[in-house]
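Structure data follow from input.csv (CSV, C-alpha atoms and all ligand atoms):
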```csv
chain,number,residue,atom,x,y,z
A,1,MET,CA,96.5,138.0,94.9
A,2,TYR,CA,99.8,136.6,93.7
A,3,PRO,CA,102.3,139.1,92.2
A,4,VAL,CA,103.1,138.6,88.5
A,5,GLU,CA,106.2,140.3,86.9
A,6,GLU,CA,107.4,140.4,83.4
A,7,ASN,CA,111.0,139.3,83.1
A,8,GLY,CA,112.9,138.5,79.9
A,9,GLY,CA,109.8,137.8,77.9
A,10,TYR,CA,108.3,135.5,80.6
A,11,SER,CA,105.5,136.1,83.0
A,12,VAL,CA,106.8,135.1,86.4
A,13,VAL,CA,104.1,134.2,88.9
A,14,HIS,CA,105.3,134.4,92.5
A,15,LEU,CA,103.3,132.0,94.6
A,16,THR,CA,103.6,132.6,98.3
A,17,GLY,CA,102.7,131.1,101.7
A,18,GLU,CA,100.4,128.1,101.9
A,19,VAL,CA,99.0,127.1,98.5
A,20,ASP,CA,96.3,124.9,99.9
A,21,LEU,CA,92.6,124.2,99.3
A,22,ASN,CA,91.8,127.8,100.2
A,23,CYS,CA,94.4,129.5,98.0
A,24,SER,CA,94.9,127.2,95.1
A,25,PRO,CA,91.8,128.5,93.2
A,26,GLU,CA,93.4,131.9,93.2
A,27,ALA,CA,96.8,130.4,92.0
A,28,ARG,CA,95.0,128.6,89.2
A,29,LYS,CA,93.2,131.8,88.2
A,30,VAL,CA,96.4,133.8,88.0
A,31,ILE,CA,98.3,131.1,86.1
A,32,LEU,CA,95.5,130.6,83.5
A,33,GLU,CA,95.1,134.4,83.1
A,34,CYS,CA,98.8,134.7,82.2
A,35,LEU,CA,98.5,131.9,79.7
A,36,ARG,CA,95.5,133.6,78.1
A,37,ARG,CA,97.9,136.5,77.4
A,38,ASN,CA,100.0,134.0,75.5
A,39,THR,CA,103.2,134.6,77.3
A,40,PRO,CA,105.7,131.9,78.4
A,41,LEU,CA,105.4,131.2,82.1
A,42,LEU,CA,107.6,130.7,85.1
A,43,ILE,CA,106.1,129.8,88.4
A,44,ASP,CA,108.3,130.8,91.4
A,45,LEU,CA,107.7,128.7,94.4
A,46,SER,CA,110.6,130.0,96.5
A,47,ALA,CA,108.2,131.8,98.9
A,48,VAL,CA,105.8,128.9,99.2
A,49,THR,CA,105.8,127.4,102.7
A,50,HIS,CA,103.5,124.6,101.8
A,51,ILE,CA,101.8,123.4,98.7
A,52,ASP,CA,99.1,120.7,98.8
A,53,SER,CA,97.8,118.6,96.0
A,54,SER,CA,95.2,121.1,95.0
A,55,GLY,CA,98.1,123.6,94.4
A,56,ILE,CA,100.0,121.0,92.5
A,57,ALA,CA,96.9,120.3,90.4
A,58,SER,CA,96.8,123.9,89.5
A,59,LEU,CA,100.4,123.7,88.3
A,60,VAL,CA,99.6,120.6,86.3
A,61,GLU,CA,96.7,122.3,84.6
A,62,GLY,CA,98.8,125.3,83.8
A,63,TYR,CA,101.5,123.2,82.3
A,64,GLN,CA,98.9,121.3,80.2
A,65,VAL,CA,97.4,124.5,78.9
A,66,SER,CA,100.9,125.9,78.1
A,67,ARG,CA,101.8,122.7,76.2
A,68,THR,CA,98.6,123.1,74.2
A,69,LEU,CA,99.5,126.7,73.4
A,70,LYS,CA,103.1,125.7,72.8
A,71,LEU,CA,104.3,128.2,75.4
A,72,ASP,CA,107.4,127.6,77.5
A,73,PHE,CA,106.6,126.7,81.1
A,74,GLY,CA,108.8,126.1,84.2
A,75,LEU,CA,108.9,125.8,87.9
A,76,VAL,CA,111.6,127.6,89.9
A,77,GLY,CA,112.5,127.7,93.6
A,78,VAL,CA,111.0,124.3,94.4
A,79,SER,CA,111.8,123.4,98.0
A,80,GLU,CA,112.9,119.9,99.1
A,81,ARG,CA,109.5,119.5,100.8
A,82,ALA,CA,107.6,120.4,97.6
A,83,MET,CA,109.9,118.2,95.6
A,84,SER,CA,108.9,115.2,97.7
A,85,VAL,CA,105.3,115.9,97.1
A,86,LEU,CA,106.0,116.1,93.3
A,87,ARG,CA,108.1,112.9,93.5
A,88,LEU,CA,105.3,110.9,95.2
A,89,ALA,CA,103.2,111.2,92.0
A,90,ARG,CA,106.4,111.1,89.8
A,91,LEU,CA,105.7,114.7,88.7
A,92,ASP,CA,109.4,115.6,89.2
A,93,GLN,CA,109.9,113.8,86.0
A,94,VAL,CA,107.2,115.8,84.2
A,95,PHE,CA,107.6,119.4,85.1
A,96,PRO,CA,110.5,121.5,83.7
A,97,ILE,CA,112.2,122.5,87.0
A,98,PHE,CA,114.9,125.2,87.3
A,99,ALA,CA,117.0,126.3,90.3
A,100,SER,CA,116.1,130.0,89.8
A,101,ILE,CA,114.6,132.5,87.5
A,102,GLU,CA,118.1,133.7,86.6
A,103,GLU,CA,119.1,130.1,85.5
A,104,ARG,CA,116.1,129.8,83.3
A,105,LEU,CA,116.7,133.3,81.7
A,106,LYS,CA,120.3,132.6,80.9
A,107,PRO,CA,121.0,133.1,77.2
A,108,ASP,CA,121.3,129.4,76.4
A,109,PRO,CA,119.7,127.4,79.2
A,110,SER,CA,120.0,124.1,77.3
A,111,GLN,CA,123.7,124.2,77.9
A,112,ASP,CA,123.3,124.3,81.7
A,113,VAL,CA,123.2,121.3,83.9
B,1,MET,CA,118.7,107.8,116.4
B,2,ASN,CA,116.1,105.3,115.0
B,3,THR,CA,112.8,106.5,113.5
B,4,ALA,CA,110.9,105.6,116.7
B,5,GLU,CA,113.2,107.8,118.7
B,6,GLN,CA,112.9,110.6,116.2
B,7,HIS,CA,109.1,110.5,116.3
B,8,SER,CA,109.1,110.5,120.1
B,9,LEU,CA,110.5,114.0,119.9
B,10,ARG,CA,107.6,115.2,117.7
B,11,ASP,CA,104.2,116.5,118.7
B,12,PRO,CA,101.5,114.0,119.5
B,13,VAL,CA,98.7,113.9,117.0
B,14,ILE,CA,96.5,111.6,119.0
B,15,GLU,CA,96.5,111.5,122.8
B,16,VAL,CA,94.4,108.8,124.5
B,17,ASP,CA,94.3,108.9,128.3
B,18,GLY,CA,92.6,106.5,130.6
B,19,LEU,CA,90.0,105.6,128.0
B,20,VAL,CA,87.1,103.4,129.2
B,21,ALA,CA,84.6,102.2,126.7
B,22,CYS,CA,81.5,100.1,127.1
B,23,TYR,CA,78.8,98.5,125.0
B,24,GLY,CA,75.8,98.5,127.3
B,25,SER,CA,77.1,97.3,130.6
B,26,ARG,CA,80.1,95.4,129.1
B,27,LYS,CA,83.4,97.1,129.4
B,28,ILE,CA,85.2,96.8,126.1
B,29,LEU,CA,88.2,99.1,126.7
B,30,ASP,CA,89.7,99.5,130.1
B,31,ASP,CA,92.0,102.3,131.0
B,32,VAL,CA,93.7,102.6,127.6
B,33,SER,CA,96.4,105.2,127.3
B,34,PHE,CA,98.9,106.0,124.5
B,35,ASP,CA,99.8,108.6,122.0
B,36,VAL,CA,100.5,108.7,118.3
B,37,ARG,CA,103.3,111.2,117.3
B,38,SER,CA,103.4,113.3,114.2
B,39,GLY,CA,104.7,111.2,111.2
B,40,GLU,CA,104.5,108.0,113.2
B,41,ILE,CA,103.0,104.7,112.0
B,42,MET,CA,101.3,103.1,115.0
B,43,VAL,CA,100.0,99.5,114.5
B,44,ILE,CA,97.3,98.3,116.8
B,45,MET,CA,97.2,94.5,117.2
B,46,GLY,CA,95.3,92.0,119.3
B,47,GLY,CA,93.2,89.0,119.1
B,48,SER,CA,89.7,89.0,117.7
B,49,GLY,CA,87.4,90.8,120.1
B,50,SER,CA,90.2,92.5,122.0
B,51,GLY,CA,88.7,95.9,121.2
B,52,LYS,CA,90.7,97.1,118.2
B,53,SER,CA,87.8,98.3,116.2
B,54,THR,CA,86.2,99.9,119.2
B,55,LEU,CA,89.4,101.9,119.8
B,56,LEU,CA,89.5,102.9,116.2
B,57,ARG,CA,85.8,104.1,116.4
B,58,HIS,CA,86.7,106.2,119.4
B,59,MET,CA,89.6,107.9,117.7
B,60,LEU,CA,87.3,108.8,114.9
B,61,ALA,CA,84.7,110.2,117.4
B,62,LEU,CA,82.1,107.7,116.2
B,63,ASN,CA,81.7,106.4,119.8
B,64,ARG,CA,81.5,108.3,123.0
B,65,ALA,CA,83.9,107.3,125.9
B,66,VAL,CA,82.5,106.4,129.3
B,67,SER,CA,85.5,108.0,130.9
B,68,GLY,CA,89.0,109.2,130.0
B,69,SER,CA,89.9,111.5,127.2
B,70,ILE,CA,90.9,111.3,123.5
B,71,ARG,CA,92.5,114.4,121.9
B,72,VAL,CA,93.1,114.5,118.2
B,73,PHE,CA,95.1,117.4,116.9
B,74,GLY,CA,94.7,118.8,120.4
B,75,LEU,CA,90.9,118.7,120.2
B,76,GLU,CA,89.0,116.9,122.9
B,77,MET,CA,86.8,114.3,121.2
B,78,GLY,CA,84.3,114.3,124.1
B,79,GLY,CA,83.3,118.0,123.8
B,80,VAL,CA,83.8,118.5,120.1
B,81,SER,CA,81.1,120.4,118.1
B,82,SER,CA,79.8,118.9,114.9
B,83,ARG,CA,81.4,121.8,113.0
B,84,GLU,CA,84.8,121.1,114.6
B,85,LEU,CA,84.3,117.4,113.8
B,86,HIS,CA,83.6,118.3,110.2
B,87,GLN,CA,86.8,120.3,110.0
B,88,LEU,CA,88.7,117.6,111.8
B,89,ARG,CA,87.5,114.9,109.4
B,90,GLN,CA,88.9,116.9,106.5
B,91,ARG,CA,92.3,116.3,107.9
B,92,MET,CA,91.8,112.6,108.4
B,93,GLY,CA,91.7,109.9,105.8
B,94,VAL,CA,90.0,106.6,106.6
B,95,SER,CA,90.3,103.3,104.7
B,96,PHE,CA,88.1,100.7,106.3
B,97,GLN,CA,88.2,97.0,105.7
B,98,ASN,CA,84.7,97.1,104.4
B,99,GLY,CA,84.8,100.8,103.7
B,100,ALA,CA,83.6,99.8,100.4
B,101,LEU,CA,83.8,101.8,97.2
B,102,PHE,CA,80.5,103.2,95.8
B,103,ASN,CA,79.5,100.5,93.4
B,104,SER,CA,77.7,102.9,91.1
B,105,LEU,CA,80.7,105.2,90.7
B,106,ASN,CA,83.8,104.4,88.6
B,107,VAL,CA,87.3,104.4,90.2
B,108,GLU,CA,87.9,108.1,89.4
B,109,ASP,CA,84.6,109.3,90.7
B,110,ASN,CA,85.1,107.3,93.9
B,111,VAL,CA,88.3,109.0,94.5
B,112,ILE,CA,86.9,112.5,93.7
B,113,PHE,CA,84.0,111.9,96.0
B,114,PRO,CA,85.5,113.5,99.2
B,115,LEU,CA,86.6,116.5,97.2
B,116,ARG,CA,83.0,117.1,96.0
B,117,GLU,CA,81.7,116.7,99.5
B,118,HIS,CA,84.2,119.0,101.2
B,119,THR,CA,85.5,121.5,98.7
B,120,VAL,CA,84.4,123.9,96.1
B,121,LEU,CA,87.4,123.4,93.8
B,122,ASP,CA,87.1,123.6,90.1
B,123,ASP,CA,86.2,120.3,88.4
B,124,ASN,CA,89.5,120.2,86.5
B,125,THR,CA,91.4,120.6,89.7
B,126,MET,CA,89.5,117.8,91.4
B,127,ARG,CA,90.0,115.5,88.4
B,128,ILE,CA,93.8,116.1,88.4
B,129,MET,CA,94.0,115.6,92.2
B,130,ALA,CA,92.2,112.3,91.9
B,131,ARG,CA,94.4,111.1,89.0
B,132,MET,CA,97.6,112.1,90.9
B,133,LYS,CA,96.5,109.9,93.8
B,134,LEU,CA,95.7,107.1,91.4
B,135,GLU,CA,99.2,107.4,90.0
B,136,VAL,CA,100.5,107.2,93.6
B,137,VAL,CA,98.7,104.0,94.3
B,138,ASN,CA,99.6,102.5,90.9
B,139,MET,CA,96.1,102.6,89.6
B,140,ALA,CA,96.8,104.9,86.6
B,141,GLY,CA,94.8,103.8,83.6
B,142,PHE,CA,92.0,102.2,85.5
B,143,GLU,CA,90.0,105.4,86.1
B,144,LYS,CA,87.0,104.3,84.3
B,145,LEU,CA,86.6,100.8,85.7
B,146,MET,CA,83.7,100.1,88.0
B,147,PRO,CA,84.4,98.6,91.5
B,148,ALA,CA,82.9,95.2,90.4
B,149,GLN,CA,85.7,94.9,87.8
B,150,LEU,CA,88.5,95.3,90.3
B,151,SER,CA,90.6,92.7,92.1
B,152,GLY,CA,90.8,92.8,95.9
B,153,GLY,CA,94.2,94.6,95.7
B,154,MET,CA,93.0,97.1,93.2
B,155,ALA,CA,89.9,97.9,95.3
B,156,LYS,CA,92.1,98.5,98.3
B,157,ARG,CA,94.4,100.8,96.4
B,158,THR,CA,91.5,102.7,95.1
B,159,ALA,CA,90.1,103.1,98.6
B,160,LEU,CA,93.5,104.2,99.7
B,161,ALA,CA,93.6,106.8,96.9
B,162,ARG,CA,90.3,108.1,98.1
B,163,ALA,CA,91.5,108.2,101.7
B,164,ILE,CA,94.5,110.4,100.8
B,165,VAL,CA,92.9,112.6,98.1
B,166,MET,CA,92.5,115.5,100.6
B,167,ASP,CA,96.2,115.2,101.8
B,168,PRO,CA,95.2,114.1,105.3
B,169,LYS,CA,97.6,114.6,108.2
B,170,LEU,CA,96.2,111.5,109.9
B,171,LEU,CA,95.3,108.3,108.2
B,172,PHE,CA,93.4,105.3,109.6
B,173,PHE,CA,93.6,101.8,108.1
B,174,ASP,CA,91.5,98.9,109.2
B,175,GLU,CA,93.0,95.6,108.1
B,176,PRO,CA,94.7,96.9,105.0
B,177,SER,CA,96.0,93.5,104.0
B,178,ALA,CA,93.1,91.3,104.9
B,179,GLY,CA,92.2,89.0,102.1
B,180,LEU,CA,95.2,89.9,100.0
B,181,ASP,CA,97.9,87.5,98.9
B,182,PRO,CA,101.3,88.0,100.5
B,183,VAL,CA,102.9,89.8,97.5
B,184,VAL,CA,100.1,92.2,97.1
B,185,SER,CA,100.1,92.8,100.8
B,186,ALA,CA,103.8,93.5,100.9
B,187,ASP,CA,103.3,96.0,98.0
B,188,LEU,CA,100.6,97.8,100.0
B,189,ASP,CA,102.9,98.0,103.0
B,190,GLU,CA,105.6,99.5,100.8
B,191,LEU,CA,103.0,102.1,99.6
B,192,ILE,CA,102.0,102.9,103.2
B,193,LEU,CA,105.7,103.6,104.1
B,194,ARG,CA,106.1,105.7,101.0
B,195,LEU,CA,103.1,107.8,101.7
B,196,ARG,CA,104.2,108.5,105.3
B,197,ASP,CA,107.6,109.7,104.1
B,198,ALA,CA,106.3,111.9,101.2
B,199,MET,CA,103.1,113.3,102.9
B,200,ASP,CA,104.4,113.4,106.4
B,201,VAL,CA,101.2,111.8,107.6
B,202,SER,CA,100.6,110.0,110.8
B,203,ILE,CA,99.1,106.6,110.3
B,204,VAL,CA,97.2,104.3,112.6
B,205,VAL,CA,96.8,100.7,111.3
B,206,VAL,CA,94.7,98.0,112.8
B,207,THR,CA,95.9,94.6,111.6
B,208,HIS,CA,96.0,90.9,112.4
B,209,GLU,CA,99.0,90.4,110.1
B,210,LEU,CA,102.2,90.1,112.0
B,211,ASP,CA,104.5,90.3,108.9
B,212,SER,CA,102.8,93.5,107.8
B,213,ALA,CA,102.9,95.0,111.3
B,214,PHE,CA,106.6,94.3,111.6
B,215,ARG,CA,107.3,95.8,108.2
B,216,ILE,CA,105.5,99.1,108.7
B,217,ALA,CA,105.2,99.9,112.4
B,218,ASP,CA,107.3,102.5,114.2
B,219,ARG,CA,105.5,101.3,117.3
B,220,ILE,CA,103.0,98.5,118.0
B,221,LEU,CA,100.2,98.6,120.6
B,222,VAL,CA,98.9,95.2,121.6
B,223,LEU,CA,95.4,95.1,123.1
B,224,ASP,CA,94.3,92.1,125.2
B,225,LYS,CA,90.7,92.0,126.5
B,226,GLY,CA,90.4,95.7,126.3
B,227,LYS,CA,93.7,96.5,128.1
B,228,VAL,CA,97.0,97.6,126.7
B,229,LEU,CA,99.2,94.5,127.0
B,230,ILE,CA,102.3,96.2,125.6
B,231,ILE,CA,103.2,99.3,123.6
B,232,GLY,CA,106.7,99.6,122.1
B,233,THR,CA,108.9,99.5,119.1
B,234,VAL,CA,108.9,96.5,116.8
B,235,ASP,CA,112.0,95.2,118.6
B,236,GLU,CA,110.6,95.8,122.0
B,237,VAL,CA,107.4,93.9,121.2
B,238,LYS,CA,109.4,91.0,119.5
B,239,ASN,CA,111.7,90.7,122.5
B,240,SER,CA,109.0,91.0,125.1
B,241,ASP,CA,109.1,88.1,127.6
B,242,ASN,CA,105.4,88.6,128.3
B,243,GLU,CA,103.7,85.2,127.6
B,244,ARG,CA,100.6,86.6,126.2
B,245,VAL,CA,102.6,88.8,123.8
B,246,GLN,CA,104.6,85.8,122.7
B,247,ASN,CA,101.4,83.8,122.2
B,248,LEU,CA,100.1,86.4,119.9
B,249,LEU,CA,103.4,86.6,118.0
B,250,ASN,CA,103.7,82.8,117.5
B,251,ARG,CA,100.1,82.3,116.6
B,252,ARG,CA,99.2,81.7,113.0
B,253,SER,CA,96.8,84.3,111.8
B,254,GLU,CA,94.0,81.8,111.2
B,255,ASP,CA,94.0,80.5,114.8
B,256,VAL,CA,91.5,82.0,117.1
B,257,ILE,CA,92.3,82.2,120.8
B,258,VAL,CA,89.3,81.1,122.8
B,259,ASP,CA,88.8,83.1,126.0
B,260,PRO,CA,86.4,80.8,127.9
B,261,ASP,CA,84.8,83.6,130.0
B,262,GLU,CA,84.3,85.8,127.0
B,263,TYR,CA,83.1,83.0,124.9
B,264,MET,CA,80.5,82.0,127.4
B,265,GLN,CA,79.5,85.6,127.8
B,266,ARG,CA,79.0,85.8,124.0
B,267,LEU,CA,76.9,82.7,124.0
B,268,THR,CA,74.8,83.7,127.0
B,269,ASP,CA,74.7,87.5,126.9
B,270,GLU,CA,71.2,88.9,127.5
B,271,LEU,CA,69.7,85.5,128.4
B,272,ILE,CA,67.0,86.0,130.9
B,273,GLY,CA,68.4,84.9,134.3
B,274,LEU,CA,66.7,82.6,136.8
C,301,LIG,N1,78.1,97.4,118.4
C,301,LIG,C1,78.4,96.6,119.4
C,301,LIG,N2,77.6,96.3,120.3
C,301,LIG,C2,77.9,95.4,121.3
C,301,LIG,N3,79.1,94.8,121.5
C,301,LIG,C3,80.0,95.1,120.5
C,301,LIG,C4,79.8,96.0,119.4
C,301,LIG,N4,80.9,96.0,118.7
C,301,LIG,C5,81.8,95.2,119.2
C,301,LIG,N5,81.3,94.7,120.4
C,301,LIG,C6,82.0,93.8,121.3
C,301,LIG,O1,83.1,94.4,121.8
C,301,LIG,C7,84.2,93.6,121.9
C,301,LIG,C8,85.4,94.2,121.1
C,301,LIG,O2,85.1,94.2,119.7
C,301,LIG,P1,86.0,94.9,118.6
C,301,LIG,O3,86.3,96.2,119.1
C,301,LIG,O4,85.2,94.7,117.3
C,301,LIG,O5,87.2,94.0,118.7
C,301,LIG,P2,88.3,93.6,117.5
C,301,LIG,O6,88.2,94.7,116.5
C,301,LIG,O7,89.6,93.6,118.3
C,301,LIG,O8,87.9,92.3,117.0
C,301,LIG,C9,83.8,92.2,121.3
C,301,LIG,O9,83.5,91.4,122.4
C,301,LIG,C10,82.5,92.6,120.5
C,301,LIG,O10,81.7,91.5,120.6
```
Take the structure I supplied and represent it as structure tokens, if you would.
Amino acid sequence: MYPVEENGGYSVVHLTGEVDLNCSPEARKVILECLRRNTPLLIDLSAVTHIDSSGIASLVEGYQVSRTLKLDFGLVGVSERAMSVLRLARLDQVFPIFASIEERLKPDPSQDV
Amino acid sequence: MNTAEQHSLRDPVIEVDGLVACYGSRKILDDVSFDVRSGEIMVIMGGSGSGKSTLLRHMLALNRAVSGSIRVFGLEMGGVSSRELHQLRQRMGVSFQNGALFNSLNVEDNVIFPLREHTVLDDNTMRIMARMKLEVVNMAGFEKLMPAQLSGGMAKRTALARAIVMDPKLLFFDEPSAGLDPVVSADLDELILRLRDAMDVSIVVVTHELDSAFRIADRILVLDKGKVLIIGTVDEVKNSDNERVQNLLNRRSEDVIVDPDEYMQRLTDELIGL
């Protein structure tokens, strides 16, 4: 079970370890449950050692649902390795990606580079 | 350090040691030894009938060796259980020359197929995974086409998307550029290189096409009548002073080298003797 904390009006889902074929269904479930509660969502990947495309697919689906519900959504703590997986399918240009939870929760994040 | 040197420091994914393979009483592979390192692109070349496909079949555990050993991810292919083989196959992607798409399934369902076979993922997840791989191979927007509607290059790219849909750590290609025009073939090579870098996958490619081999290979293994003629980096193979290697390099791909002994054997194999 992945820990979820409330922080600055966001649900923050902390994914951990290997998010692969075995674990991505659980990640998907946690993400979709948060969105069902209608809260904006941050997904923290900083403790993820490896994410495969089933894990990425769960993020894509979560992002799609949050767009439909007009809820804010972002990824934080994306490792270089995970970035290259995102880049391969050009998803680095699709997901809102932030360096850290703190950065996203700053008063006016749009001013940050 | 060049990439070949970097890869030589990494763990082997495939270790072939003294492999001997026969069809009936005919020896097809004779004392073949080499390894493929993690993240490496190994290209296997050789004239027609030199044993390339047979070697590929052994690496996939489709054939049994007469002697010698093949280890894939450390697992000895000779003694592998069907359960282990099943798990192993989930980590391997295969794109065969005639590894045709299922004609009755559209592009997307072709790519999803291995996921339905091997996983219990949610249908949404599988669909997104397939579409991501179709993006990777530049087949986005063609999900609903049927195989009969695809050009040769599109069919290859779809087959490639299917081969990588499970994020394999080891990928086999049989003649990826056969029948493609040079531009499409160069695109495909580019894609193979990109996949290797992003997915950190080891790739074994069997090809006739020299240009393609030189573009993508970290190392090239040349088979000649079932024996390893040379194995080395692109430069080592190009600069080899072995006459048979040079013959192979200078030959146009449409030429076929006739080996008189082998040819006679083909014509007369299994004739009833005097
Ligand atoms: N199923 C088979 N039964 C008998 N002989 C075979 C079979 N497959 C291949 N061969 C023979 O083995 C030799 C090597 O074939 P192959 O591995 O297909 O070479 P390549 O892929 O380099 O063209 C050839 O002489 C071929 O005729």
Per residue of chain B within 6 Å of chain A, what are the shortest atom pair and its distance in Å to one decimal, counting all atoms listed in the file, with rows by chain and residue number, as JSON lines?
```
{"residue": "B:Thr125", "atom": "CA", "partner": "A:Ala57", "partner_atom": "CA", "distance": 5.6}
{"residue": "B:Ile128", "atom": "CA", "partner": "A:Ala57", "partner_atom": "CA", "distance": 5.6}
{"residue": "B:Met129", "atom": "CA", "partner": "A:Ala57", "partner_atom": "CA", "distance": 5.8}
{"residue": "B:Met132", "atom": "CA", "partner": "A:Ala89", "partner_atom": "CA", "distance": 5.8}
{"residue": "B:Glu135", "atom": "CA", "partner": "A:Ala89", "partner_atom": "CA", "distance": 5.9}
{"residue": "B:Val136", "atom": "CA", "partner": "A:Ala89", "partner_atom": "CA", "distance": 5.1}
{"residue": "B:Ala198", "atom": "CA", "partner": "A:Ser84", "partner_atom": "CA", "distance": 5.5}
```
Write out, as an mmCIF file, in the coordinates of the input, the residues just selected, with C-alpha atoms.
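Wrote it out as part.cif, contents follow:
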```cif
data_model
loop_
_atom_site.group_PDB
_atom_site.id
_atom_site.type_symbol
_atom_site.label_atom_id
_atom_site.label_comp_id
_atom_site.auth_asym_id
_atom_site.auth_seq_id
_atom_site.Cartn_x
_atom_site.Cartn_y
_atom_site.Cartn_z
ATOM 1 C CA THR B 125 91.400 120.600 89.700
ATOM 2 C CA ILE B 128 93.800 116.100 88.400
ATOM 3 C CA MET B 129 94.000 115.600 92.200
ATOM 4 C CA MET B 132 97.600 112.100 90.900
ATOM 5 C CA GLU B 135 99.200 107.400 90.000
ATOM 6 C CA VAL B 136 100.500 107.200 93.600
ATOM 7 C CA ALA B 198 106.300 111.900 101.200
#
```
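For the residues B:Asn103, B:Arg26, B:Val111, B:Asp241, ranking by smallest atom-to-atom distance to Leu150 in chain B using only C-alpha atoms places B:Asn103 first.
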Report task. List all protein, DNA and RNA residues that have any atom at most 7 Å from ligand LIG 301 (chain C), counting all atoms listed in the file, and write the list as a ChimeraX atom specification. Result -> /B:23,28,46-55
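Of the residues listed (A:Leu105, A:His50, A:Val65, A:Ala99), A:His50 shows the shortest atom-to-atom separation from Asp167 in chain B; distances use all atoms listed in the file.
With distances taken over all atoms listed in the file, A:Tyr63 is the one residue among A:Gly77, A:Tyr63, A:Pro96, A:Cys23 lying closest to Leu35 in chain A.
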Query raised in the report: Separation of CA of Ala161 in chain B and CA of Ala47 in chain A, in Å?
Result: 29.0 Å
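Distance check against Arg36 in chain A using all atoms listed in the file: of A:Ser79, A:Ser11, A:Ser100, A:Gln93, the minimum falls on A:Ser11.
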Report summary line: From CA of Leu210 in chain B to CA of Val32 in chain B the spacing works out at 21.7 Å
Query raised in the report: Given the choices B:Met59, B:Leu191, B:Ile231, B:Val120, which gets closest to Arg71 in chain B if the distance is worked out from all atoms listed in the file?
Result: B:Met59
